[in-house]
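Visitor: Supplied in structure tokens, the structure appears directly below.
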Amino acid sequence: MTTKHITRKATRHISQNEGLIFEKSSPGKAAWKLPPLDVPDVDTATLLGRQERKDLGDMPEVSEIEIIRHFTRLSTWNYAIDLGMYPLGSCTMKYNPRVNEFVSRIEGLANGHPYQAEKISQGALRIMKTLSDCLLEITGMDAITLQPAAGAHGELTGMLMVRAYHESTGNARKKILIPDSAHGTNPATAATVGYAVENLKSNGRGMVDVAALAAQMNEDVAALMVTNPNTLGVFEQEIHKIAELMHAKGGLLYMDGANMNALVAKARPGDFGVDVMHLNLHKTFSTPHGGGGPGSGPVAVKKNLAPFLPAPVVTTKADGTLGFEYNRPQSVGRVRAFYGNFGMFIRALAYIFANGPDGLRQTTEDAVLNANYIRKGLEGVYDLPYSTPSMHEVVFSDKLQSKKGVKTMDIAKRLIDYGFHPYTTAFPLIVAGALMIEPTESEPKEELDLFIEAMKSIAEEVEEDPQFVLDAPHNTRISRLDETAAARKPVLRWKPENV
Amino acid sequence: MSYPSDRRYTKEHEWITADGTIGITDHAQDSLGDIVFVELPKVGTEIATAKPFGTVESVKAVSDLFAPVSGTVTSVNEDLATAPETVNKDAHGAWMVKIKVKDPSELNALLSAADYEKFVSEEAAH
């Protein structure tokens, strides 16, 4: 292993090169053989007319072993939570428990269809209703939609409801206040919904400056979008005052629930004044994150916003059965085909039931404990720009290492050599050269110790031989990629060489 | 880094000369990292003080360009479309737009080179 220091986590291993499956293709090879036709032949040309395809187009023709090797080799290039820690700050890359997968594959659930009649969908509806009730209990909100496909979609849905609410009072208002520590999706969402975005500066402790908010708040402001804990991993301790300030001038408080992993079963946004918020089932509630997920971003609201929820909503009918209610005249409309990413509802509910209230509380405490264990372990080695207590994630900066010309991205690349996925680099933007680390509760102390050891080792390498870190990664299949050239002159399409 | 004294600076890290040539500062290009795309307004566009008039995209982030003063765009540096790296190489030479300044007295409210340098060092000290 090319390293100045010994690492206990990763070792050198062979990683085989592999081209595209199209490059392996040669005519006549096949990995299948069909049995003889034992039903009457049909004339596809007559049945399909112009829709009939005469051939499959350019499909790769390969043998079975080639297919197996192709995908097995590709799989060895992956890094996954199943291999080690995935400390991407603000992403809550926690373990996806196997029981979630087991439950979601139960035949009646896996084969359910969104077009099947309500009376034979009572089980699926019960899952949606129970998950909704659990999420409302966890958030302290009054009503919820499970439709949005992921976090930013949830934000859009929530902000459409904010707009609909204000419009119903006769004044849509003009702008949205957003702290400078916010996720980039927040201003994008506000602008998409047609609001002007006004920046709110953080104070020296990394929190919303309440005095500045009081000065900026007026009757043109539709809402404040706040993340709590914010992207510095800091709990907005004056959130109740912030809510009062907003409400006093008729504004609403939107909470980005991306960091809900620090709050579940400890504090409820509904209790500290939040009017509308989204959750990320693929973060907080252990459904798959990354690799296409799919995500799921339920939006919970207080009573005054409930009429605007997307239709349909799950409702209990007079006869006690469950059904969908479509007649919602003030609804912002449907935001997703059918009812949302239902497979994720099953997994999230499995997670909630497997943990129970005490288990969820323990999860939250462990997530915060793990982040603080890393903070303590790396304090002094990396600069800590805000000394305010950390919740579920900790943000360092590359201030000490940049004196040697090494920046957060270089340290992240070197971390790959040590067998870890990089942390989040260069975000939040209010910290120059940020290293944003979120271990989640999934990590045992031993993995955290390996991570701390790796980060300390890299800091020493920066002092001894900064160029070595600048050239990292050294042990990967391919070394440092030219991201700038890729962005400036992107090659977006593969073409066969001999065509 | 020394900042040329033949121009004025903004707290949003743009520079502007007396004849209305606008670019971003060396500090700005350094913080952004490798710039991969610069989006600029068309000739004839009215730009307004402190309002965005374009964007700079780096491998790290997309940032708005803020107008130092109000005016009308008279010329756009088309070379940046194919060679955005020029901004990284020579931020104080790679201009973005030239404008006809609406009210030249607005320029006086902007930072001098020395004041800007002080502002940047205070920001870094945070």
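Chain lettering (A, B, ...) mirrors the order of the structure tokens, residue numbering begins at 1 for each chain separately, and ligand numbering begins at 1 in order of display.
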Could you name the residues that touch Ala80 of chain A at 10 Å or less, counting only C-alpha atoms, but leaving out those on the same chain fewer than 4 positions away, as a PyMOL selection string?
Guide: chain A and resi 75+84-86+93+95+290-291+420-421
Visitor: Hey, can you spit out that residue selection with C-alpha atoms as a PDB file, in the first residue's frame?
Guide:
```pdb
ATOM      1  CA  SER A  75     -19.079  -4.266  -8.449  1.00  0.00           C
ATOM      2  CA  GLY A  84     -17.230   0.749   5.538  1.00  0.00           C
ATOM      3  CA  MET A  85     -18.105   4.152   6.854  1.00  0.00           C
ATOM      4  CA  TYR A  86     -19.675   6.664   4.498  1.00  0.00           C
ATOM      5  CA  MET A  93     -25.663   7.550   4.899  1.00  0.00           C
ATOM      6  CA  TYR A  95     -26.949   1.326   7.250  1.00  0.00           C
ATOM      7  CA  GLY A 290     -27.752   6.977  -3.473  1.00  0.00           C
ATOM      8  CA  GLY A 291     -27.555   4.546  -6.350  1.00  0.00           C
ATOM      9  CA  PHE A 420     -13.111   5.312   3.451  1.00  0.00           C
ATOM     10  CA  HIS A 421     -15.631   7.136   1.350  1.00  0.00           C
TER      11      HIS A 421
END
```
Visitor: Given a cut-off of 7 Å, which residues of chain A touch chain B, counting only C-alpha atoms, written out as a PyMOL selection string?
Guide: chain A and resi 484+487-488
Visitor: Suppose we keep N, CA and C atoms; can you now write the selection as an mmCIF file, in the first residue's frame?
Guide:
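What landed in result-v2.cif:
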```cif
data_model
loop_
_atom_site.group_PDB
_atom_site.id
_atom_site.type_symbol
_atom_site.label_atom_id
_atom_site.label_comp_id
_atom_site.auth_asym_id
_atom_site.auth_seq_id
_atom_site.Cartn_x
_atom_site.Cartn_y
_atom_site.Cartn_z
ATOM 1 N N THR A 484 -11.858 19.299 -13.767
ATOM 2 C CA THR A 484 -12.036 20.559 -14.480
ATOM 3 C C THR A 484 -12.210 20.314 -15.977
ATOM 4 N N ALA A 487 -15.524 18.946 -16.773
ATOM 5 C CA ALA A 487 -16.609 19.936 -16.756
ATOM 6 C C ALA A 487 -16.516 20.882 -17.947
ATOM 7 N N ARG A 488 -15.272 21.211 -18.327
ATOM 8 C CA ARG A 488 -15.109 22.171 -19.432
ATOM 9 C C ARG A 488 -15.357 21.531 -20.782
#
```
Visitor: Excluding segment 464-470 of chain A and any residue of its chain fewer than 6 positions from it, enumerate the residues within 8 Å of it, using only C-alpha atoms, and give them as number ranges by chain.
Guide: A: 404-406, 410-411, 414, 458
Visitor: Based on the selection just made, write N, CA and C atoms of those residues as a PDB file, in the first residue's frame.
Guide:
```pdb
ATOM      1  N   LYS A 404      -0.039  24.511   3.753  1.00  0.00           N
ATOM      2  CA  LYS A 404       0.889  23.705   2.948  1.00  0.00           C
ATOM      3  C   LYS A 404       0.355  23.501   1.537  1.00  0.00           C
ATOM      4  N   GLY A 405      -0.718  24.214   1.230  1.00  0.00           N
ATOM      5  CA  GLY A 405      -1.290  24.108  -0.118  1.00  0.00           C
ATOM      6  C   GLY A 405      -2.254  22.944  -0.304  1.00  0.00           C
ATOM      7  N   VAL A 406      -2.569  22.260   0.782  1.00  0.00           N
ATOM      8  CA  VAL A 406      -3.468  21.105   0.693  1.00  0.00           C
ATOM      9  C   VAL A 406      -4.872  21.537   1.105  1.00  0.00           C
ATOM     10  N   ASP A 410      -8.269  17.588  -1.505  1.00  0.00           N
ATOM     11  CA  ASP A 410      -7.078  16.731  -1.537  1.00  0.00           C
ATOM     12  C   ASP A 410      -7.094  15.731  -0.385  1.00  0.00           C
ATOM     13  N   ILE A 411      -7.509  16.225   0.784  1.00  0.00           N
ATOM     14  CA  ILE A 411      -7.581  15.349   1.961  1.00  0.00           C
ATOM     15  C   ILE A 411      -8.633  14.261   1.717  1.00  0.00           C
ATOM     16  N   ARG A 414      -7.258  11.605  -0.538  1.00  0.00           N
ATOM     17  CA  ARG A 414      -6.322  10.747   0.173  1.00  0.00           C
ATOM     18  C   ARG A 414      -7.066   9.765   1.093  1.00  0.00           C
ATOM     19  N   ILE A 458      -3.318  11.436   7.692  1.00  0.00           N
ATOM     20  CA  ILE A 458      -3.282  12.332   6.525  1.00  0.00           C
ATOM     21  C   ILE A 458      -2.750  13.699   6.938  1.00  0.00           C
TER      22      ILE A 458
END
```
Visitor: Hey, what's within 8 Å of segment 4-15 of chain B if we count only C-alpha atoms and toss same-chain stuff fewer than 5 positions away? As an MDAnalysis selection string, please?
Guide: chainID B and resid 22:25 27:28 65:68 92 107 110:114 116 119
Visitor: Write out as a list in words the residues lying within 7 Å of segment 342-355 of chain A, counting only C-alpha atoms and excluding same-chain residues fewer than 3 positions away.
Guide: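 Final neighbour list, sorted by chain and number: Asn100, Glu101, Ser104, Ile127, Met128, Leu131, Leu281, Phe285, Ser286, Thr287, Ser296, Tyr339, Gly359 and Leu360 of chain A.
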Visitor: Could you save the residues just selected, with C-alpha atoms, as a PDB file, in the first residue's frame?
Guide:
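The resulting file, again.pdb, is shown below:
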```pdb
ATOM      1  CA  ASN A 100     -36.321  -3.689   5.532  1.00  0.00           C
ATOM      2  CA  GLU A 101     -35.500  -5.583   2.353  1.00  0.00           C
ATOM      3  CA  SER A 104     -40.568  -5.139   1.267  1.00  0.00           C
ATOM      4  CA  ILE A 127     -48.989   0.725   5.829  1.00  0.00           C
ATOM      5  CA  MET A 128     -49.344   4.258   4.455  1.00  0.00           C
ATOM      6  CA  LEU A 131     -46.358   5.306   8.584  1.00  0.00           C
ATOM      7  CA  LEU A 281     -36.975   8.616   4.484  1.00  0.00           C
ATOM      8  CA  PHE A 285     -35.459   6.330   8.207  1.00  0.00           C
ATOM      9  CA  SER A 286     -32.845   3.998   6.693  1.00  0.00           C
ATOM     10  CA  THR A 287     -34.264   3.505   3.192  1.00  0.00           C
ATOM     11  CA  SER A 296     -38.914   9.526  -0.467  1.00  0.00           C
ATOM     12  CA  TYR A 339     -49.046   7.510  -4.261  1.00  0.00           C
ATOM     13  CA  GLY A 359     -34.786   2.477  19.965  1.00  0.00           C
ATOM     14  CA  LEU A 360     -35.267   5.599  17.872  1.00  0.00           C
TER      15      LEU A 360
END
```
Visitor: Would you mind listing what lies within 10 Å of segment 377-386 of chain A as a PyMOL selection string, with only C-alpha atoms counted and same-chain residues fewer than 3 positions away left out?
Guide: (chain A and resi 204-206+232-234+371-374+389-390+394-401+430-432+434-435+448-449+451-453+455-460) or (chain B and resi 126)
Visitor: So how far away is atom CA of Ile120 of chain A from atom CA of Cys134 of chain A, in Å?
Guide: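 Atom CA of Cys134 of chain A sits 23.3 Å away from atom CA of Ile120 of chain A.
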Visitor: Would you write out, as a tab-separated table, a table of all residues in segment 31-108 of chain A that have an atom no more than 12 Å from an atom of segment 177-201 of chain A, listing for each the closest atom pair and the distance in Å to one decimal, considering only C-alpha atoms and ordering rows by chain and rising residue number?
Guide:
```
residue	atom	partner	partner_atom	distance
A:Gly89	CA	A:His183	CA	11.6
A:Ser90	CA	A:His183	CA	8.9
A:Cys91	CA	A:His183	CA	11.1
```
Visitor: Can I get the selection written as a tab-separated table (two decimals), in the first residue's frame, with C-alpha atoms?
Guide:
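result-v1.tsv written:
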```tsv
chain	number	residue	atom	x	y	z
A	89	GLY	CA	-22.06	15.16	5.96
A	90	SER	CA	-25.69	16.20	5.55
A	91	CYS	CA	-26.45	12.93	3.76
```
